[in-house]
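Asker: Structure: data_7.cif, mmCIF, C-alpha atoms and all ligand atoms.
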```cif
data_start
loop_
_atom_site.group_PDB
_atom_site.id
_atom_site.type_symbol
_atom_site.label_atom_id
_atom_site.label_comp_id
_atom_site.auth_asym_id
_atom_site.auth_seq_id
_atom_site.Cartn_x
_atom_site.Cartn_y
_atom_site.Cartn_z
ATOM 1 C CA MET T 10 47.833 -8.881 26.576
ATOM 2 C CA PRO T 11 44.441 -7.848 28.015
ATOM 3 C CA GLU T 12 41.520 -10.007 26.827
ATOM 4 C CA LEU T 13 39.548 -8.376 24.033
ATOM 5 C CA ASN T 14 35.894 -7.944 24.784
ATOM 6 C CA PRO T 15 34.173 -8.364 21.383
ATOM 7 C CA ALA T 16 31.140 -6.280 22.370
ATOM 8 C CA GLN T 17 33.401 -3.408 23.399
ATOM 9 C CA VAL T 18 35.376 -3.638 20.166
ATOM 10 C CA ILE T 19 32.158 -3.479 18.140
ATOM 11 C CA GLU T 20 30.809 -0.525 20.109
ATOM 12 C CA GLY T 21 34.180 1.235 19.813
ATOM 13 C CA GLN T 22 34.149 0.708 16.040
ATOM 14 C CA ARG T 23 30.597 2.041 15.796
ATOM 15 C CA GLN T 24 31.512 5.189 17.674
ATOM 16 C CA ASP T 25 34.817 5.684 15.826
ATOM 17 C CA TRP T 26 33.341 5.478 12.348
ATOM 18 C CA ASN T 27 30.303 7.558 13.230
ATOM 19 C CA ARG T 28 32.692 10.238 14.490
ATOM 20 C CA VAL T 29 34.586 10.414 11.173
ATOM 21 C CA ALA T 30 31.543 10.040 8.899
ATOM 22 C CA GLY T 31 31.506 13.815 8.226
ATOM 23 C CA GLY T 32 35.168 13.640 7.198
ATOM 24 C CA TRP T 33 34.476 10.773 4.810
ATOM 25 C CA GLU T 34 31.694 12.738 3.151
ATOM 26 C CA LYS T 35 33.823 15.890 3.005
ATOM 27 C CA TRP T 36 36.738 14.040 1.361
ATOM 28 C CA ASP T 37 34.602 11.750 -0.774
ATOM 29 C CA ARG T 38 36.160 13.191 -3.942
ATOM 30 C CA LEU T 39 39.510 11.701 -2.878
ATOM 31 C CA PHE T 40 37.990 8.234 -2.588
ATOM 32 C CA ASP T 41 36.111 8.549 -5.846
ATOM 33 C CA GLU T 42 39.038 9.896 -7.821
ATOM 34 C CA GLN T 43 41.831 7.917 -6.239
ATOM 35 C CA MET T 44 40.364 4.585 -5.238
ATOM 36 C CA ALA T 45 37.621 3.761 -7.737
ATOM 37 C CA PHE T 46 39.764 1.035 -9.310
ATOM 38 C CA LEU T 47 39.562 -0.943 -6.066
ATOM 39 C CA ASN T 48 35.778 -1.119 -6.402
ATOM 40 C CA HIS T 49 36.064 -2.293 -10.002
ATOM 41 C CA ARG T 50 38.474 -5.019 -8.953
ATOM 42 C CA LEU T 51 36.069 -6.230 -6.227
ATOM 43 C CA VAL T 52 33.129 -6.208 -8.632
ATOM 44 C CA ALA T 53 35.189 -8.318 -11.049
ATOM 45 C CA ASP T 54 36.486 -10.730 -8.381
ATOM 46 C CA ALA T 55 32.940 -11.270 -7.085
ATOM 47 C CA ARG T 56 31.807 -11.938 -10.691
ATOM 48 C CA LEU T 57 28.944 -9.453 -10.422
ATOM 49 C CA HIS T 58 26.550 -9.193 -13.320
ATOM 50 C CA ALA T 59 23.010 -8.075 -14.064
ATOM 51 C CA GLY T 60 20.275 -9.519 -11.890
ATOM 52 C CA MET T 61 22.442 -10.653 -8.959
ATOM 53 C CA LYS T 62 21.532 -10.246 -5.311
ATOM 54 C CA VAL T 63 24.645 -8.961 -3.521
ATOM 55 C CA LEU T 64 25.685 -8.339 0.075
ATOM 56 C CA ASP T 65 28.362 -5.709 0.838
ATOM 57 C CA LEU T 66 29.990 -5.863 4.278
ATOM 58 C CA GLY T 67 31.133 -2.684 6.038
ATOM 59 C CA SER T 68 29.875 -0.420 3.241
ATOM 60 C CA GLY T 69 30.747 2.809 5.024
ATOM 61 C CA THR T 70 29.868 5.639 2.652
ATOM 62 C CA GLY T 71 29.002 3.193 -0.116
ATOM 63 C CA TYR T 72 32.136 1.511 -1.460
ATOM 64 C CA PRO T 73 31.875 -0.804 -3.306
ATOM 65 C CA ALA T 74 28.097 -1.151 -2.795
ATOM 66 C CA LEU T 75 27.228 1.713 -5.161
ATOM 67 C CA LEU T 76 29.290 0.340 -8.056
ATOM 68 C CA GLY T 77 27.839 -3.092 -7.255
ATOM 69 C CA ALA T 78 24.301 -1.686 -7.556
ATOM 70 C CA HIS T 79 25.153 -0.052 -10.869
ATOM 71 C CA THR T 80 26.602 -3.361 -12.124
ATOM 72 C CA VAL T 81 23.708 -5.651 -11.120
ATOM 73 C CA GLY T 82 21.205 -3.181 -12.576
ATOM 74 C CA ALA T 83 17.468 -2.837 -12.050
ATOM 75 C CA THR T 84 16.875 -6.594 -11.954
ATOM 76 C CA GLY T 85 19.449 -7.086 -9.195
ATOM 77 C CA SER T 86 19.959 -5.613 -5.748
ATOM 78 C CA VAL T 87 22.660 -4.778 -3.232
ATOM 79 C CA THR T 88 22.294 -4.796 0.539
ATOM 80 C CA GLY T 89 25.030 -2.873 2.352
ATOM 81 C CA MET T 90 25.676 -3.462 6.056
ATOM 82 C CA ASP T 91 27.687 -1.368 8.475
ATOM 83 C CA LEU T 92 27.795 -0.626 12.193
ATOM 84 C CA ALA T 93 27.937 3.140 11.734
ATOM 85 C CA GLU T 94 24.588 4.693 10.913
ATOM 86 C CA GLN T 95 26.181 8.011 10.000
ATOM 87 C CA MET T 96 28.480 6.422 7.400
ATOM 88 C CA LEU T 97 25.369 4.747 5.955
ATOM 89 C CA ALA T 98 23.442 8.042 5.939
ATOM 90 C CA ALA T 99 26.162 9.414 3.630
ATOM 91 C CA ALA T 100 25.940 6.244 1.483
ATOM 92 C CA ASN T 101 22.178 6.715 1.193
ATOM 93 C CA ARG T 102 22.592 10.338 0.104
ATOM 94 C CA LYS T 103 25.031 9.269 -2.606
ATOM 95 C CA ALA T 104 22.745 6.455 -3.800
ATOM 96 C CA LYS T 105 19.922 8.975 -4.122
ATOM 97 C CA ARG T 106 22.102 11.451 -6.032
ATOM 98 C CA LEU T 107 23.166 8.637 -8.382
ATOM 99 C CA GLY T 108 19.536 7.593 -8.879
ATOM 100 C CA LEU T 109 20.207 4.062 -7.614
ATOM 101 C CA SER T 110 17.024 2.529 -6.224
ATOM 102 C CA ASN T 111 18.292 -1.080 -6.075
ATOM 103 C CA VAL T 112 20.647 -0.552 -3.131
ATOM 104 C CA SER T 113 19.648 -0.439 0.520
ATOM 105 C CA PHE T 114 21.733 -0.022 3.633
ATOM 106 C CA ARG T 115 21.112 -1.445 7.079
ATOM 107 C CA THR T 116 22.991 -1.153 10.336
ATOM 108 C CA GLY T 117 24.404 -4.260 11.969
ATOM 109 C CA ASP T 118 27.488 -6.266 12.878
ATOM 110 C CA VAL T 119 28.754 -8.255 9.928
ATOM 111 C CA THR T 120 29.825 -11.132 12.201
ATOM 112 C CA MET T 121 26.144 -11.918 12.787
ATOM 113 C CA LEU T 122 24.372 -11.743 9.465
ATOM 114 C CA PRO T 123 20.587 -11.562 9.828
ATOM 115 C CA PHE T 124 19.962 -13.478 6.600
ATOM 116 C CA GLU T 125 18.875 -16.982 5.600
ATOM 117 C CA ALA T 126 21.463 -19.484 4.367
ATOM 118 C CA ASP T 127 22.225 -19.362 0.604
ATOM 119 C CA SER T 128 20.491 -16.012 0.193
ATOM 120 C CA PHE T 129 23.099 -13.979 -1.767
ATOM 121 C CA ASP T 130 24.690 -14.567 -5.169
ATOM 122 C CA ALA T 131 27.858 -12.724 -4.128
ATOM 123 C CA VAL T 132 29.473 -10.912 -1.191
ATOM 124 C CA THR T 133 31.864 -7.949 -1.394
ATOM 125 C CA SER T 134 33.791 -6.065 1.274
ATOM 126 C CA ARG T 135 36.353 -3.247 1.156
ATOM 127 C CA PHE T 136 38.539 -2.363 4.151
ATOM 128 C CA CYS T 137 36.191 -3.753 6.822
ATOM 129 C CA LEU T 138 37.107 -7.333 7.783
ATOM 130 C CA MET T 139 40.332 -6.382 9.617
ATOM 131 C CA PHE T 140 38.335 -4.387 12.165
ATOM 132 C CA LEU T 141 36.294 -7.362 13.382
ATOM 133 C CA PRO T 142 37.072 -9.033 16.724
ATOM 134 C CA ASP T 143 36.176 -12.448 15.277
ATOM 135 C CA ILE T 144 37.121 -12.640 11.594
ATOM 136 C CA PRO T 145 36.800 -16.452 11.302
ATOM 137 C CA LYS T 146 33.200 -16.129 12.492
ATOM 138 C CA ALA T 147 32.522 -13.531 9.796
ATOM 139 C CA ALA T 148 34.086 -15.890 7.228
ATOM 140 C CA SER T 149 31.689 -18.658 8.361
ATOM 141 C CA GLU T 150 28.772 -16.273 8.107
ATOM 142 C CA ILE T 151 29.821 -15.284 4.589
ATOM 143 C CA ALA T 152 30.033 -18.969 3.649
ATOM 144 C CA ARG T 153 26.579 -19.548 5.135
ATOM 145 C CA VAL T 154 24.730 -16.728 3.347
ATOM 146 C CA LEU T 155 26.392 -17.275 -0.057
ATOM 147 C CA ARG T 156 24.496 -19.460 -2.475
ATOM 148 C CA PRO T 157 26.445 -22.533 -3.642
ATOM 149 C CA GLY T 158 28.861 -21.430 -6.371
ATOM 150 C CA GLY T 159 28.714 -17.760 -5.297
ATOM 151 C CA TRP T 160 31.880 -15.675 -4.811
ATOM 152 C CA VAL T 161 33.111 -13.464 -2.010
ATOM 153 C CA ALA T 162 35.656 -10.739 -2.848
ATOM 154 C CA ALA T 163 37.363 -8.722 -0.128
ATOM 155 C CA ALA T 164 40.018 -6.011 -0.012
ATOM 156 C CA VAL T 165 42.200 -5.370 3.048
ATOM 157 C CA TRP T 166 45.328 -3.274 3.572
ATOM 158 C CA SER T 167 48.741 -4.888 3.077
ATOM 159 C CA ALA T 168 51.693 -4.073 5.349
ATOM 160 C CA PRO T 169 52.192 -0.569 6.799
ATOM 161 C CA GLU T 170 55.638 -0.198 5.135
ATOM 162 C CA GLN T 171 53.893 -0.567 1.779
ATOM 163 C CA ASN T 172 51.175 1.902 2.727
ATOM 164 C CA PRO T 173 53.208 4.826 4.043
ATOM 165 C CA SER T 174 50.363 7.327 3.810
ATOM 166 C CA ILE T 175 48.803 5.475 6.769
ATOM 167 C CA GLY T 176 51.868 3.738 8.203
ATOM 168 C CA LEU T 177 54.012 6.828 8.648
ATOM 169 C CA SER T 178 51.430 8.472 10.912
ATOM 170 C CA MET T 179 51.550 5.453 13.234
ATOM 171 C CA THR T 180 55.365 5.579 13.236
ATOM 172 C CA ALA T 181 55.355 9.311 14.061
ATOM 173 C CA ILE T 182 52.940 8.787 16.969
ATOM 174 C CA LYS T 183 55.076 5.938 18.333
ATOM 175 C CA GLN T 184 58.113 8.263 18.249
ATOM 176 C CA VAL T 185 56.315 10.692 20.568
ATOM 177 C CA ILE T 186 54.498 8.459 23.049
ATOM 178 C CA GLU T 187 55.124 4.957 24.206
ATOM 179 C CA LEU T 188 52.410 2.621 23.031
ATOM 180 C CA PRO T 189 51.953 -0.942 24.246
ATOM 181 C CA PRO T 190 53.458 -3.452 21.785
ATOM 182 C CA PRO T 191 50.810 -4.184 19.170
ATOM 183 C CA ASP T 192 48.873 -7.412 19.605
ATOM 184 C CA PRO T 193 49.038 -8.971 16.105
ATOM 185 C CA THR T 194 45.628 -10.561 16.624
ATOM 186 C CA ALA T 195 43.880 -7.351 17.740
ATOM 187 C CA PRO T 196 41.477 -5.719 15.270
ATOM 188 C CA GLY T 197 43.076 -2.851 13.371
ATOM 189 C CA ILE T 198 44.004 -1.412 9.969
ATOM 190 C CA PHE T 199 46.812 -3.907 9.317
ATOM 191 C CA ARG T 200 45.356 -6.976 11.068
ATOM 192 C CA LEU T 201 44.963 -8.872 7.759
ATOM 193 C CA ALA T 202 48.121 -7.551 6.092
ATOM 194 C CA LYS T 203 49.965 -10.867 6.289
ATOM 195 C CA PRO T 204 49.839 -13.002 3.130
ATOM 196 C CA GLY T 205 47.551 -15.976 3.594
ATOM 197 C CA ASP T 206 45.763 -14.780 6.748
ATOM 198 C CA LEU T 207 42.370 -13.959 5.278
ATOM 199 C CA ALA T 208 42.756 -16.614 2.582
ATOM 200 C CA GLY T 209 43.301 -19.217 5.332
ATOM 201 C CA MET T 210 40.197 -18.058 7.191
ATOM 202 C CA PHE T 211 38.103 -18.363 4.020
ATOM 203 C CA GLN T 212 39.480 -21.866 3.501
ATOM 204 C CA GLN T 213 38.720 -22.810 7.112
ATOM 205 C CA ALA T 214 35.156 -21.613 6.546
ATOM 206 C CA GLY T 215 34.791 -24.173 3.753
ATOM 207 C CA LEU T 216 35.240 -21.826 0.786
ATOM 208 C CA VAL T 217 37.203 -23.062 -2.229
ATOM 209 C CA ASP T 218 39.202 -21.696 -5.190
ATOM 210 C CA VAL T 219 40.728 -19.145 -2.832
ATOM 211 C CA ALA T 220 42.755 -16.570 -4.757
ATOM 212 C CA GLU T 221 44.904 -13.872 -3.227
ATOM 213 C CA GLN T 222 46.796 -11.038 -4.861
ATOM 214 C CA GLU T 223 48.653 -8.065 -3.508
ATOM 215 C CA PHE T 224 47.735 -5.180 -5.783
ATOM 216 C CA LEU T 225 50.180 -2.287 -6.028
ATOM 217 C CA ALA T 226 49.076 1.218 -6.938
ATOM 218 C CA GLU T 227 49.559 4.875 -6.008
ATOM 219 C CA TRP T 228 47.364 7.584 -4.607
ATOM 220 C CA ALA T 229 47.989 11.292 -4.653
ATOM 221 C CA TYR T 230 47.106 14.383 -2.656
ATOM 222 C CA ALA T 231 47.152 17.897 -4.113
ATOM 223 C CA SER T 232 49.292 19.195 -1.229
ATOM 224 C CA ALA T 233 50.808 18.230 2.128
ATOM 225 C CA ASP T 234 48.024 20.164 3.820
ATOM 226 C CA GLU T 235 45.339 18.184 1.984
ATOM 227 C CA TYR T 236 47.077 14.957 2.995
ATOM 228 C CA TYR T 237 47.411 15.819 6.695
ATOM 229 C CA THR T 238 43.940 17.329 7.108
ATOM 230 C CA SER T 239 42.150 14.478 5.328
ATOM 231 C CA LEU T 240 44.156 11.841 7.240
ATOM 232 C CA MET T 241 43.100 13.356 10.553
ATOM 233 C CA GLU T 242 39.457 13.649 9.486
ATOM 234 C CA ILE T 243 39.105 10.191 7.919
ATOM 235 C CA ALA T 244 41.350 7.695 9.703
ATOM 236 C CA ALA T 245 39.485 6.806 12.899
ATOM 237 C CA PRO T 246 42.343 4.632 14.287
ATOM 238 C CA VAL T 247 44.862 7.493 13.812
ATOM 239 C CA GLN T 248 42.425 9.959 15.416
ATOM 240 C CA ASN T 249 42.130 7.647 18.434
ATOM 241 C CA LEU T 250 45.894 7.644 18.945
ATOM 242 C CA MET T 251 46.154 11.426 18.461
ATOM 243 C CA ALA T 252 43.509 11.909 21.152
ATOM 244 C CA LYS T 253 45.927 10.390 23.687
ATOM 245 C CA LEU T 254 48.435 13.226 23.085
ATOM 246 C CA THR T 255 48.800 16.699 24.600
ATOM 247 C CA GLY T 256 48.502 19.704 22.276
ATOM 248 C CA ALA T 257 52.296 20.059 22.146
ATOM 249 C CA GLN T 258 52.728 16.359 21.320
ATOM 250 C CA GLN T 259 50.121 16.633 18.561
ATOM 251 C CA GLN T 260 52.101 19.490 16.993
ATOM 252 C CA ASP T 261 55.266 17.414 17.264
ATOM 253 C CA VAL T 262 53.566 14.442 15.580
ATOM 254 C CA LYS T 263 52.215 16.717 12.837
ATOM 255 C CA GLN T 264 55.716 17.997 12.033
ATOM 256 C CA ARG T 265 57.081 14.447 11.996
ATOM 257 C CA ILE T 266 54.283 13.232 9.698
ATOM 258 C CA LEU T 267 54.792 16.148 7.298
ATOM 259 C CA GLN T 268 58.558 15.630 7.341
ATOM 260 C CA ALA T 269 58.225 11.908 6.575
ATOM 261 C CA ALA T 270 55.549 12.597 3.949
ATOM 262 C CA SER T 271 57.839 15.050 2.128
ATOM 263 C CA ASN T 272 59.794 12.005 0.864
ATOM 264 C CA TYR T 273 56.804 11.333 -1.386
ATOM 265 C CA ARG T 274 56.635 14.817 -2.908
ATOM 266 C CA ARG T 275 56.292 15.087 -6.682
ATOM 267 C CA GLY T 276 56.047 18.771 -7.458
ATOM 268 C CA GLU T 277 53.233 20.197 -5.335
ATOM 269 C CA ARG T 278 51.618 16.790 -4.931
ATOM 270 C CA LEU T 279 52.274 13.954 -2.527
ATOM 271 C CA VAL T 280 52.160 10.601 -4.280
ATOM 272 C CA PHE T 281 52.156 7.537 -2.030
ATOM 273 C CA PRO T 282 52.529 3.899 -2.948
ATOM 274 C CA MET T 283 49.593 1.734 -1.897
ATOM 275 C CA ALA T 284 49.361 -2.031 -1.469
ATOM 276 C CA VAL T 285 46.017 -3.742 -1.125
ATOM 277 C CA ARG T 286 45.451 -7.441 -0.557
ATOM 278 C CA PHE T 287 42.580 -8.850 -2.610
ATOM 279 C CA VAL T 288 41.187 -12.193 -1.517
ATOM 280 C CA ALA T 289 38.403 -13.984 -3.356
ATOM 281 C CA ALA T 290 36.842 -17.395 -2.810
ATOM 282 C CA ARG T 291 33.821 -19.424 -3.879
ATOM 283 C CA LYS T 292 31.271 -21.510 -1.996
ATOM 284 C CA PRO T 293 31.384 -25.089 -3.287
ATOM 285 C CA GLN T 294 28.476 -26.149 -5.530
HETATM 286 C C1 LIG W 301 37.607 1.911 6.539
HETATM 287 S S1 LIG W 301 35.861 1.935 6.561
HETATM 288 C C2 LIG W 301 35.563 1.286 4.925
HETATM 289 C C3 LIG W 301 34.237 1.696 4.346
HETATM 290 C C4 LIG W 301 34.012 1.330 2.876
HETATM 291 N N1 LIG W 301 33.852 -0.081 2.671
HETATM 292 C C5 LIG W 301 35.133 1.851 2.014
HETATM 293 O O1 LIG W 301 35.978 1.068 1.572
HETATM 294 O O2 LIG W 301 35.180 3.078 1.778
HETATM 295 C C6 LIG W 301 35.471 0.561 7.614
HETATM 296 C C7 LIG W 301 33.983 0.364 7.833
HETATM 297 O O3 LIG W 301 33.773 -0.891 8.483
HETATM 298 C C8 LIG W 301 32.708 -0.735 9.391
HETATM 299 N N2 LIG W 301 32.773 -1.800 10.408
HETATM 300 C C9 LIG W 301 33.766 -2.052 11.295
HETATM 301 N N3 LIG W 301 33.448 -3.133 12.042
HETATM 302 C C10 LIG W 301 32.231 -3.559 11.615
HETATM 303 C C11 LIG W 301 31.363 -4.626 12.008
HETATM 304 N N4 LIG W 301 31.681 -5.487 12.979
HETATM 305 N N5 LIG W 301 30.187 -4.756 11.353
HETATM 306 C C12 LIG W 301 29.837 -3.895 10.371
HETATM 307 N N6 LIG W 301 30.622 -2.874 9.962
HETATM 308 C C13 LIG W 301 31.803 -2.710 10.572
HETATM 309 C C14 LIG W 301 32.930 0.648 9.976
HETATM 310 O O4 LIG W 301 31.768 1.164 10.586
HETATM 311 C C15 LIG W 301 33.379 1.439 8.738
HETATM 312 O O5 LIG W 301 32.313 2.081 8.093
#
```
Represent the structure from my file as structure tokens, please.
Ligand SMILES: C[S@@+](CC[C@H](N)C(=O)[O-])C[C@H]1O[C@@H](n2cnc3c(N)ncnc32)[C@H](O)[C@@H]1O

Answerer:
Amino acid sequence: MPELNPAQVIEGQRQDWNRVAGGWEKWDRLFDEQMAFLNHRLVADARLHAGMKVLDLGSGTGYPALLGAHTVGATGSVTGMDLAEQMLAAANRKAKRLGLSNVSFRTGDVTMLPFEADSFDAVTSRFCLMFLPDIPKAASEIARVLRPGGWVAAAVWSAPEQNPSIGLSMTAIKQVIELPPPDPTAPGIFRLAKPGDLAGMFQQAGLVDVAEQEFLAEWAYASADEYYTSLMEIAAPVQNLMAKLTGAQQQDVKQRILQAASNYRRGERLVFPMAVRFVAARKPQ
């Protein structure tokens, strides 16, 4: 396997997510309607309540930072960090529309947190940690900036077979072009899918009371067209693979994705199972 250059991974991530930021804003309704429960679960696992000072890692367009800000109220605050300034611009617009003045967003790599030790009451993160080239380092940084007794709560994707709305696109692409065998340690959507992986890294970082649960749910699209178009406009890793294909291959992949997705049809809608791994842990007192 070629050596991963962390700086290149980070820059690639920054460019990828900036490129799809418009898609995330366009399809924001899908996230709000279909995935809000994930934010509520993170807010609960991180034990957020009024007055807390919270750090959200990889906030993207504001999940779960915005719910966190609502929960901690005017006496608390949320700082959201992300590499992609355009994702954060969308998050800022939403915060303004929601009238939330206790949340701020800053660009940066979450493996190098520019904060003093013990400076946050809680840390949250949804669908970010698996994209980092050095996840154990991020876990150590989380442990450093948490105040003693404070909780971190993170959500990452479980296995691709349990998340067919994403997984089947990867399978379709692999049927059309040969891809190098995946490096299980390379950053990517399913890098932390394995039970115990992230939990072990939190433990190694000195966190305690580590709790992990695979949470099963469903998400739905109004039509096959809505599913395919939003997937291509939101999922940066899928977009990257599609960019390697010729026009004819892209059409082939599209047909394969739509064919595989039709197994999940319920009336006009497509309803996919979803499996998300929630991992929470606490800094010792
Ligand atoms: C799938 S999006 C999730 C966004 C949001 N948390 C959500 O759940 O809707 C992943 C986000 O992680 C960010 N990200 C990836 N690597 C990062 C890093 N090293 N530091 C900060 N943010 C990173 C990306 O820019 C992107 O916005």

Asker: Rounded to one decimal place, report the atom CA of Gly21 of chain T-atom O2 of ligand LIG 301 (chain W) distance in Å.

Answerer: 18.2 Å

Asker: Between T:Ala59, T:Ala202, T:Val81, T:Met121, which one has atoms that come closest to ligand LIG 301 (chain W), using all atoms listed in the file?

Answerer: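 The closest residue to ligand LIG 301 (chain W) is T:Met121.
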
Asker: Applied to this file, what does the PyMOL selection byres (((not hetatm)) within 9 of (chain W and resi 301)) return in terms of residues, put as a PDB file with C-alpha atoms, keeping the file's coordinate frame?

Answerer:
```pdb
ATOM      1  CA  VAL T  18      35.376  -3.638  20.166  1.00  0.00           C
ATOM      2  CA  ILE T  19      32.158  -3.479  18.140  1.00  0.00           C
ATOM      3  CA  GLU T  20      30.809  -0.525  20.109  1.00  0.00           C
ATOM      4  CA  GLY T  21      34.180   1.235  19.813  1.00  0.00           C
ATOM      5  CA  GLN T  22      34.149   0.708  16.040  1.00  0.00           C
ATOM      6  CA  ARG T  23      30.597   2.041  15.796  1.00  0.00           C
ATOM      7  CA  GLN T  24      31.512   5.189  17.674  1.00  0.00           C
ATOM      8  CA  ASP T  25      34.817   5.684  15.826  1.00  0.00           C
ATOM      9  CA  TRP T  26      33.341   5.478  12.348  1.00  0.00           C
ATOM     10  CA  ASN T  27      30.303   7.558  13.230  1.00  0.00           C
ATOM     11  CA  ALA T  30      31.543  10.040   8.899  1.00  0.00           C
ATOM     12  CA  TRP T  33      34.476  10.773   4.810  1.00  0.00           C
ATOM     13  CA  PHE T  40      37.990   8.234  -2.588  1.00  0.00           C
ATOM     14  CA  MET T  44      40.364   4.585  -5.238  1.00  0.00           C
ATOM     15  CA  LEU T  47      39.562  -0.943  -6.066  1.00  0.00           C
ATOM     16  CA  ASN T  48      35.778  -1.119  -6.402  1.00  0.00           C
ATOM     17  CA  ASP T  65      28.362  -5.709   0.838  1.00  0.00           C
ATOM     18  CA  LEU T  66      29.990  -5.863   4.278  1.00  0.00           C
ATOM     19  CA  GLY T  67      31.133  -2.684   6.038  1.00  0.00           C
ATOM     20  CA  SER T  68      29.875  -0.420   3.241  1.00  0.00           C
ATOM     21  CA  GLY T  69      30.747   2.809   5.024  1.00  0.00           C
ATOM     22  CA  THR T  70      29.868   5.639   2.652  1.00  0.00           C
ATOM     23  CA  GLY T  71      29.002   3.193  -0.116  1.00  0.00           C
ATOM     24  CA  TYR T  72      32.136   1.511  -1.460  1.00  0.00           C
ATOM     25  CA  PRO T  73      31.875  -0.804  -3.306  1.00  0.00           C
ATOM     26  CA  ALA T  74      28.097  -1.151  -2.795  1.00  0.00           C
ATOM     27  CA  MET T  90      25.676  -3.462   6.056  1.00  0.00           C
ATOM     28  CA  ASP T  91      27.687  -1.368   8.475  1.00  0.00           C
ATOM     29  CA  LEU T  92      27.795  -0.626  12.193  1.00  0.00           C
ATOM     30  CA  ALA T  93      27.937   3.140  11.734  1.00  0.00           C
ATOM     31  CA  GLU T  94      24.588   4.693  10.913  1.00  0.00           C
ATOM     32  CA  GLN T  95      26.181   8.011  10.000  1.00  0.00           C
ATOM     33  CA  MET T  96      28.480   6.422   7.400  1.00  0.00           C
ATOM     34  CA  LEU T  97      25.369   4.747   5.955  1.00  0.00           C
ATOM     35  CA  THR T 116      22.991  -1.153  10.336  1.00  0.00           C
ATOM     36  CA  GLY T 117      24.404  -4.260  11.969  1.00  0.00           C
ATOM     37  CA  ASP T 118      27.488  -6.266  12.878  1.00  0.00           C
ATOM     38  CA  VAL T 119      28.754  -8.255   9.928  1.00  0.00           C
ATOM     39  CA  THR T 120      29.825 -11.132  12.201  1.00  0.00           C
ATOM     40  CA  MET T 121      26.144 -11.918  12.787  1.00  0.00           C
ATOM     41  CA  SER T 134      33.791  -6.065   1.274  1.00  0.00           C
ATOM     42  CA  ARG T 135      36.353  -3.247   1.156  1.00  0.00           C
ATOM     43  CA  PHE T 136      38.539  -2.363   4.151  1.00  0.00           C
ATOM     44  CA  CYS T 137      36.191  -3.753   6.822  1.00  0.00           C
ATOM     45  CA  LEU T 138      37.107  -7.333   7.783  1.00  0.00           C
ATOM     46  CA  MET T 139      40.332  -6.382   9.617  1.00  0.00           C
ATOM     47  CA  PHE T 140      38.335  -4.387  12.165  1.00  0.00           C
ATOM     48  CA  LEU T 141      36.294  -7.362  13.382  1.00  0.00           C
ATOM     49  CA  PRO T 142      37.072  -9.033  16.724  1.00  0.00           C
ATOM     50  CA  ASP T 143      36.176 -12.448  15.277  1.00  0.00           C
ATOM     51  CA  ALA T 147      32.522 -13.531   9.796  1.00  0.00           C
ATOM     52  CA  ALA T 164      40.018  -6.011  -0.012  1.00  0.00           C
ATOM     53  CA  ILE T 198      44.004  -1.412   9.969  1.00  0.00           C
ATOM     54  CA  ILE T 243      39.105  10.191   7.919  1.00  0.00           C
ATOM     55  CA  ALA T 244      41.350   7.695   9.703  1.00  0.00           C
ATOM     56  CA  ALA T 245      39.485   6.806  12.899  1.00  0.00           C
TER      57      ALA T 245
END
```

Asker: Return the single residue from T:Ala45, T:Leu155, T:Val112, T:Leu240 that is closest to Lys263 of chain T, with distances computed using all atoms listed in the file.

Answerer: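 Under the stated criterion, the closest residue is T:Leu240.
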
Asker: I need the residue nearest Phe224 of chain T from this list: T:Tyr273, T:Phe46, T:Trp36, T:Tyr236. Use only C-alpha atoms for the distance.

Answerer: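 With only C-alpha atoms as the atom set, the closest residue is T:Phe46.
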
Asker: Nearest residue to Lys105 of chain T out of T:Trp160, T:Val280, T:Leu75, T:Lys146, using only C-alpha atoms?

Answerer: T:Leu75

Asker: Name the residues that the PyMOL selection byres (((chain T and resi 78) around 9) and not hetatm) pulls out of this structure, and write them as a ChimeraX atom specification.

Answerer: /T:63,73-77,79-83,85-88,109-112

Asker: So, with only C-alpha atoms as the atoms that count, which of T:Ala220, T:Val52, T:Ala99, T:Ala195 lies closest to Leu13 of chain T?

Answerer: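 The closest residue to Leu13 of chain T is T:Ala195.
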
Asker: Find the residues near Pro282 of chain T: any atom within 12 Å, counting all atoms listed in the file, skip ones fewer than 6 places away on the same chain, and give them as a list in words.

Answerer: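 What passes the distance filter is Gln43, Ser167, Ala168, Pro169, Glu170, Gln171, Asn172, Pro173, Ser174, Ile175, Gly176, Phe224, Leu225, Ala226, Glu227, Trp228, Ala229, Tyr230, Ala270, Asn272, Tyr273 and Arg274 of chain T.
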
Asker: Select, from T:Phe211, T:Phe287, T:Tyr237, T:Phe281, the residue with the minimum atom-to-atom distance to Ile144 of chain T, counting all atoms listed in the file.

Answerer: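 When distances to Ile144 of chain T are compared using all atoms listed in the file, the smallest one comes from T:Phe211.
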
Asker: Using the chain letters and numbers from the file, give me the residues hit by the PyMOL selection byres (((chain T and resi 206) around 12) and not hetatm), as a ChimeraX atom specification.

Answerer: /T:138-139,144-145,148,165-167,193-194,199-205,207-213,219,221,286-288
